[in-house]
Amino acid sequence: MMRLRRIPVISHAILLALTVSMLYPVAWMVASSFKESSSVFVDAASLIPNQWNFDNYINGWKGVAGVTFTTFFKNTFLVVGISTIGSVLSSAVIAFGFSRIRFRGRNLWFVCMMLTMLLPYEIVMVPQYILFNQFGWINTYLPLIIPTFFGTPFFVFLMMQFIRSIPYDLDEAAEIDGCNKFTTFVRIILPLILPAMMTCVIFSFYWRWDDFLAPLLYLNKVSLYTVSLAIKMFSDPDNVTDWGALFAMSTLSLIPVCAAFFAFQRYIVEGIHTSGLKG
Amino acid sequence: MATRKAGGYRNLTGYAFISPFLIGFFGLTVIPVAMTLYLSFTDYNMLRPPEWIGLEHYERMFTKDEKFWHSLRVTFFYTFTAVPLRLIVALAIAMLVAKIVRGAGFYRTVLYLPSIIGGSVAVAVMWRQLFGLEGAINTILKWLGLSGVSWLGDPKYAIWTLILLYGWQFGSSMLIFLAGLKNIPNDYYEAASVDGAGSVTMFFRITLPLLTPVILFNVVIQLINGFLAFTPAYVIFGDGRPLGATLMYVLYLFQNAFTFFDMGYASGMAWVLLVIVGLLTALIFKSSEYWVHYESKGDR
């Protein structure tokens, strides 16, 4: 009995040490954002600034090339918001089609969809760029937004798993009461899969928020930049002198993602358990 | 008959519901993939129309382009170091978290946090400063009486900063392992301990075999992810500095496409990437017959 009791103590000690060292980089960045710029590297490893200093936030917010972070955050929320709505709604529609309607060719298309999940974006990056360039979409948000309206395979899969747990009797009862497939979807299934949709919203939010490659390709005007692109430009070794401000803006850019994570982590964990994917 | 009409209607509604997928599948996947293949046989810089040159790009890639081979070596080293590191750490920690009762939720959340933010530019920027010459890591090394290292400037160490960044995000794999560990019935361990098995034996005879399906899944996903790594290398090192030590394959592809506007060559590289990723995945699945244990099949 004694032996069994000691194991958790050792486990806790190891885990605690690990947690501290895992979080150290993040804590260090946050602490550095409050240090005076000149002292960031003087007491490089310390977590407690000599005095709390908010100047970095004020200086950092002024942004780059005359565009403030107000613009960058507004841009990001716009892109993230629309593309999240687009991908979650379209994925719900597709998931309903795959899981509740038995049409010819269903399995074939489902396999195709699962295969696209494994297909690296880099394969279609060049031709997509050429196409969107021909459409005149460079320096607009369309290349970041439009593709999300055609469903995200991972979300479709996740919602299909969820729909499968809803008894088909409900659909049949609805149909007897005069619903067609579309009204069944909107009135019966959609309200029931809200938790799964919530999971997808969270994932979409933090993937889109972190997205860097697509903005890098399609946005060349500073006034259109998203936060991630702005921070990259802010951090280019040739530009940077104000380290504190850079840390301040980096810290701010992580806040929405962390807030969403802590508020809704239950949904994320559930998503991982039902699908076991990504991250 | 009526059923036939109903079947036609059903097909129509079915296709109506999945139509967003179909449009995206053809417009954003099938046609672009075909275009990539076509462009890889042409010389194209987006200013003049593509000019057919046959296999010239592939010939250059395989026989003349030293940088291509170099980027492949860098990427293979990165992937086959970072992925096992991440998965072994994830499994070890998952087993620790699975054992404790109180506070498991806390560790799960906090250790998962790096996976949430790890892909962002902000974290890449943070990492660069952390490993800088005067950065926190070197300062800590000095406290410990060790000499600091030029993490970002020395080709020997540069790639390790990226590997560590990847390993730092082990949380998502840990969660998947935790889910897998929970599915192993406790009876197995009780029966084994009655038979006198120690914890090491139990790990190798029960835990590991029953986790192999989850491990397979993790290995496939992480290998693909590892091969496609771009953002951290691009943000921390830019163009593959120092001396090309961090010239990841996708970074070199990106440079060809959007720095040199050699779209044809970049398309060829994209196809080679597709073949490599496809082959790796196929190999792992093929080999899984020998090491993945499926309970329904294995029960004798």
# chains A, B, ... in the order shown; residues from 1 in each chain; ligands from 1
$ select_by_dssp --residues "stretch 133-282 of chain B" --states "helix (DSSP H, G or I)" --output "VMD selection string"
chain B and resid 136 to 143 155 to 168 171 to 182 186 to 194 199 to 227 231 to 237 249 to 258 263 to 282
$ residues_around --residues "B:Ile93" --least-positions-apart "6" --cutoff "12 Å" --atoms "only C-alpha atoms" --output "short mmCIF file (atom, residue, chain, number, x, y, z; two decimals) with C-alpha atoms, in the first residue's frame"
data_model
loop_
_atom_site.label_atom_id
_atom_site.label_comp_id
_atom_site.auth_asym_id
_atom_site.auth_seq_id
_atom_site.Cartn_x
_atom_site.Cartn_y
_atom_site.Cartn_z
CA SER A 11 4.53 11.57 -10.99
CA HIS A 12 3.33 14.92 -9.70
CA ILE A 14 7.94 15.16 -12.69
CA LEU A 15 4.82 16.64 -14.23
CA LEU A 16 5.11 19.83 -12.30
CA ALA A 17 8.75 20.29 -13.30
CA LEU A 18 7.83 19.60 -16.89
CA THR A 19 4.89 21.99 -16.85
CA ARG B 86 7.77 14.22 -29.90
CA LEU B 87 5.95 10.89 -29.85
CA LYS B 99 -1.77 7.31 -13.51
CA ILE B 100 -2.63 10.30 -11.38
CA ALA B 104 -4.96 15.29 -14.38
CA TYR B 107 -1.82 18.96 -16.69
CA ARG B 108 -3.81 17.99 -19.74
CA LEU B 111 0.62 20.76 -21.52
CA TYR B 112 -1.70 21.05 -24.50
CA PHE B 170 3.85 17.30 -27.91
CA GLY B 171 0.54 18.02 -26.14
CA SER B 172 -1.78 17.14 -29.00
CA SER B 173 -0.13 13.74 -29.44
CA MET B 174 -0.25 13.27 -25.67
CA LEU B 175 -4.03 13.77 -25.67
CA ILE B 176 -4.46 11.15 -28.37
CA PHE B 177 -2.31 8.70 -26.40
CA LEU B 178 -4.31 9.45 -23.25
CA LEU B 181 -4.64 4.49 -22.71
#
$ residues_around --residues "A:Phe34" --least-positions-apart "2" --cutoff "6 Å" --atoms "only C-alpha atoms" --output "PyMOL selection string"
chain A and resi 31-32+52-53
$ closest_residue --among "B:Phe258, B:Phe203, B:Tyr249, B:Phe62" --to "B:Ala270" --atoms "only C-alpha atoms"
B:Tyr249
$ closest_residue --among "A:Phe205, A:Phe135, A:Phe110, A:Phe103" --to "chain B" --atoms "only C-alpha atoms"
A:Phe103
$ atom_distance --atom1 "atom CA of B:Pro32" --atom2 "atom CA of A:Leu118"
15.6 Å
$ closest_residue --among "A:Cys112, A:Val93, A:Pro25, A:Thr68" --to "A:Leu47" --atoms "only C-alpha atoms"
A:Pro25
$ closest_residue --among "A:Met197, A:Val227, A:Ile163, A:Leu144" --to "chain B" --atoms "only C-alpha atoms"
A:Val227
$ atom_distance --atom1 "atom CA of A:Thr183" --atom2 "atom CA of A:Ala92"
13.8 Å
$ closest_atom_pairs --of "stretch 169-271 of chain B" --to "stretch 145-153 of chain B" --cutoff "8 Å" --atoms "only C-alpha atoms" --output "tab-separated table"
residue	atom	partner	partner_atom	distance
B:Phe237	CA	B:Leu152	CA	7.8
B:Arg241	CA	B:Gly153	CA	7.7
B:Pro242	CA	B:Gly153	CA	5.7
$ residues_around --residues "B:Ile18" --least-positions-apart "6" --cutoff "12 Å" --atoms "only C-alpha atoms" --output "PDB file with N, CA and C atoms, in the first residue's frame"
ATOM      1  N   SER A  90     -20.755  25.122 -44.149  1.00  0.00           N
ATOM      2  CA  SER A  90     -20.702  24.264 -45.339  1.00  0.00           C
ATOM      3  C   SER A  90     -20.367  22.825 -44.942  1.00  0.00           C
ATOM      4  N   SER A  91     -19.490  22.670 -43.933  1.00  0.00           N
ATOM      5  CA  SER A  91     -19.141  21.312 -43.510  1.00  0.00           C
ATOM      6  C   SER A  91     -20.353  20.605 -42.905  1.00  0.00           C
ATOM      7  N   ALA A  92     -21.210  21.344 -42.197  1.00  0.00           N
ATOM      8  CA  ALA A  92     -22.403  20.726 -41.609  1.00  0.00           C
ATOM      9  C   ALA A  92     -23.331  20.228 -42.711  1.00  0.00           C
ATOM     10  N   VAL A  93     -23.507  21.047 -43.736  1.00  0.00           N
ATOM     11  CA  VAL A  93     -24.372  20.658 -44.858  1.00  0.00           C
ATOM     12  C   VAL A  93     -23.831  19.388 -45.509  1.00  0.00           C
ATOM     13  N   ILE A  94     -22.528  19.367 -45.773  1.00  0.00           N
ATOM     14  CA  ILE A  94     -21.911  18.213 -46.432  1.00  0.00           C
ATOM     15  C   ILE A  94     -22.016  16.976 -45.539  1.00  0.00           C
ATOM     16  N   ALA A  95     -21.776  17.173 -44.241  1.00  0.00           N
ATOM     17  CA  ALA A  95     -21.828  16.039 -43.317  1.00  0.00           C
ATOM     18  C   ALA A  95     -23.220  15.418 -43.305  1.00  0.00           C
ATOM     19  N   PHE A  96     -24.246  16.269 -43.329  1.00  0.00           N
ATOM     20  CA  PHE A  96     -25.621  15.747 -43.364  1.00  0.00           C
ATOM     21  C   PHE A  96     -25.833  14.925 -44.634  1.00  0.00           C
ATOM     22  N   GLY A  97     -25.393  15.463 -45.769  1.00  0.00           N
ATOM     23  CA  GLY A  97     -25.541  14.747 -47.032  1.00  0.00           C
ATOM     24  C   GLY A  97     -24.907  13.378 -46.983  1.00  0.00           C
ATOM     25  N   PHE A  98     -23.680  13.319 -46.452  1.00  0.00           N
ATOM     26  CA  PHE A  98     -22.957  12.043 -46.429  1.00  0.00           C
ATOM     27  C   PHE A  98     -23.565  11.048 -45.446  1.00  0.00           C
ATOM     28  N   SER A  99     -24.083  11.550 -44.311  1.00  0.00           N
ATOM     29  CA  SER A  99     -24.477  10.586 -43.291  1.00  0.00           C
ATOM     30  C   SER A  99     -25.973  10.270 -43.298  1.00  0.00           C
ATOM     31  N   ARG A 100     -26.804  11.107 -43.926  1.00  0.00           N
ATOM     32  CA  ARG A 100     -28.244  10.864 -43.825  1.00  0.00           C
ATOM     33  C   ARG A 100     -28.940  10.594 -45.159  1.00  0.00           C
ATOM     34  N   ILE A 101     -28.247  10.755 -46.269  1.00  0.00           N
ATOM     35  CA  ILE A 101     -28.907  10.500 -47.549  1.00  0.00           C
ATOM     36  C   ILE A 101     -28.122   9.419 -48.272  1.00  0.00           C
ATOM     37  N   ARG A 102     -28.855   8.361 -48.691  1.00  0.00           N
ATOM     38  CA  ARG A 102     -28.160   7.270 -49.382  1.00  0.00           C
ATOM     39  C   ARG A 102     -28.250   7.498 -50.874  1.00  0.00           C
ATOM     40  N   PHE A 103     -27.289   8.163 -51.438  1.00  0.00           N
ATOM     41  CA  PHE A 103     -27.335   8.432 -52.876  1.00  0.00           C
ATOM     42  C   PHE A 103     -26.250   7.624 -53.572  1.00  0.00           C
ATOM     43  N   GLY A 105     -23.016   6.666 -55.391  1.00  0.00           N
ATOM     44  CA  GLY A 105     -21.666   7.238 -55.435  1.00  0.00           C
ATOM     45  C   GLY A 105     -21.223   7.834 -54.112  1.00  0.00           C
ATOM     46  N   ARG A 106     -22.058   7.633 -53.083  1.00  0.00           N
ATOM     47  CA  ARG A 106     -21.735   8.253 -51.805  1.00  0.00           C
ATOM     48  C   ARG A 106     -20.373   7.810 -51.276  1.00  0.00           C
ATOM     49  N   TRP A 109     -17.313   9.304 -53.169  1.00  0.00           N
ATOM     50  CA  TRP A 109     -17.024  10.709 -52.855  1.00  0.00           C
ATOM     51  C   TRP A 109     -16.487  10.863 -51.440  1.00  0.00           C
ATOM     52  N   PHE A 110     -16.988   9.986 -50.569  1.00  0.00           N
ATOM     53  CA  PHE A 110     -16.481  10.066 -49.195  1.00  0.00           C
ATOM     54  C   PHE A 110     -14.987   9.721 -49.156  1.00  0.00           C
ATOM     55  N   MET A 113     -13.005  12.563 -50.341  1.00  0.00           N
ATOM     56  CA  MET A 113     -12.879  13.620 -49.340  1.00  0.00           C
ATOM     57  C   MET A 113     -11.808  13.270 -48.312  1.00  0.00           C
ATOM     58  N   PHE A 149     -15.509  28.009 -47.961  1.00  0.00           N
ATOM     59  CA  PHE A 149     -16.937  27.772 -48.145  1.00  0.00           C
ATOM     60  C   PHE A 149     -17.232  26.446 -48.833  1.00  0.00           C
ATOM     61  N   PHE A 150     -16.202  25.676 -49.134  1.00  0.00           N
ATOM     62  CA  PHE A 150     -16.427  24.384 -49.781  1.00  0.00           C
ATOM     63  C   PHE A 150     -16.200  23.236 -48.816  1.00  0.00           C
ATOM     64  N   GLY A 151     -16.318  23.518 -47.535  1.00  0.00           N
ATOM     65  CA  GLY A 151     -16.211  22.459 -46.538  1.00  0.00           C
ATOM     66  C   GLY A 151     -14.777  22.158 -46.165  1.00  0.00           C
ATOM     67  N   THR A 152     -14.565  21.752 -44.912  1.00  0.00           N
ATOM     68  CA  THR A 152     -13.254  21.326 -44.438  1.00  0.00           C
ATOM     69  C   THR A 152     -13.377  19.844 -44.095  1.00  0.00           C
ATOM     70  N   PRO A 153     -12.631  18.966 -44.781  1.00  0.00           N
ATOM     71  CA  PRO A 153     -12.826  17.520 -44.600  1.00  0.00           C
ATOM     72  C   PRO A 153     -12.809  17.086 -43.138  1.00  0.00           C
ATOM     73  N   VAL A 156     -16.111  17.936 -41.582  1.00  0.00           N
ATOM     74  CA  VAL A 156     -17.164  17.065 -42.114  1.00  0.00           C
ATOM     75  C   VAL A 156     -17.108  15.720 -41.399  1.00  0.00           C
TER      76      VAL A 156
ATOM     77  N   ASN B  11     -31.015  10.763 -54.965  1.00  0.00           N
ATOM     78  CA  ASN B  11     -29.701  11.080 -55.526  1.00  0.00           C
ATOM     79  C   ASN B  11     -29.517  12.583 -55.676  1.00  0.00           C
ATOM     80  N   LEU B  12     -30.573  13.209 -56.166  1.00  0.00           N
ATOM     81  CA  LEU B  12     -30.485  14.647 -56.421  1.00  0.00           C
ATOM     82  C   LEU B  12     -30.244  15.420 -55.122  1.00  0.00           C
ATOM     83  N   GLY B  24     -15.561  22.400 -54.535  1.00  0.00           N
ATOM     84  CA  GLY B  24     -14.228  22.628 -53.995  1.00  0.00           C
ATOM     85  C   GLY B  24     -13.263  21.531 -54.420  1.00  0.00           C
ATOM     86  N   PHE B  25     -13.751  20.290 -54.446  1.00  0.00           N
ATOM     87  CA  PHE B  25     -12.893  19.157 -54.792  1.00  0.00           C
ATOM     88  C   PHE B  25     -12.342  19.321 -56.205  1.00  0.00           C
TER      89      PHE B  25
END
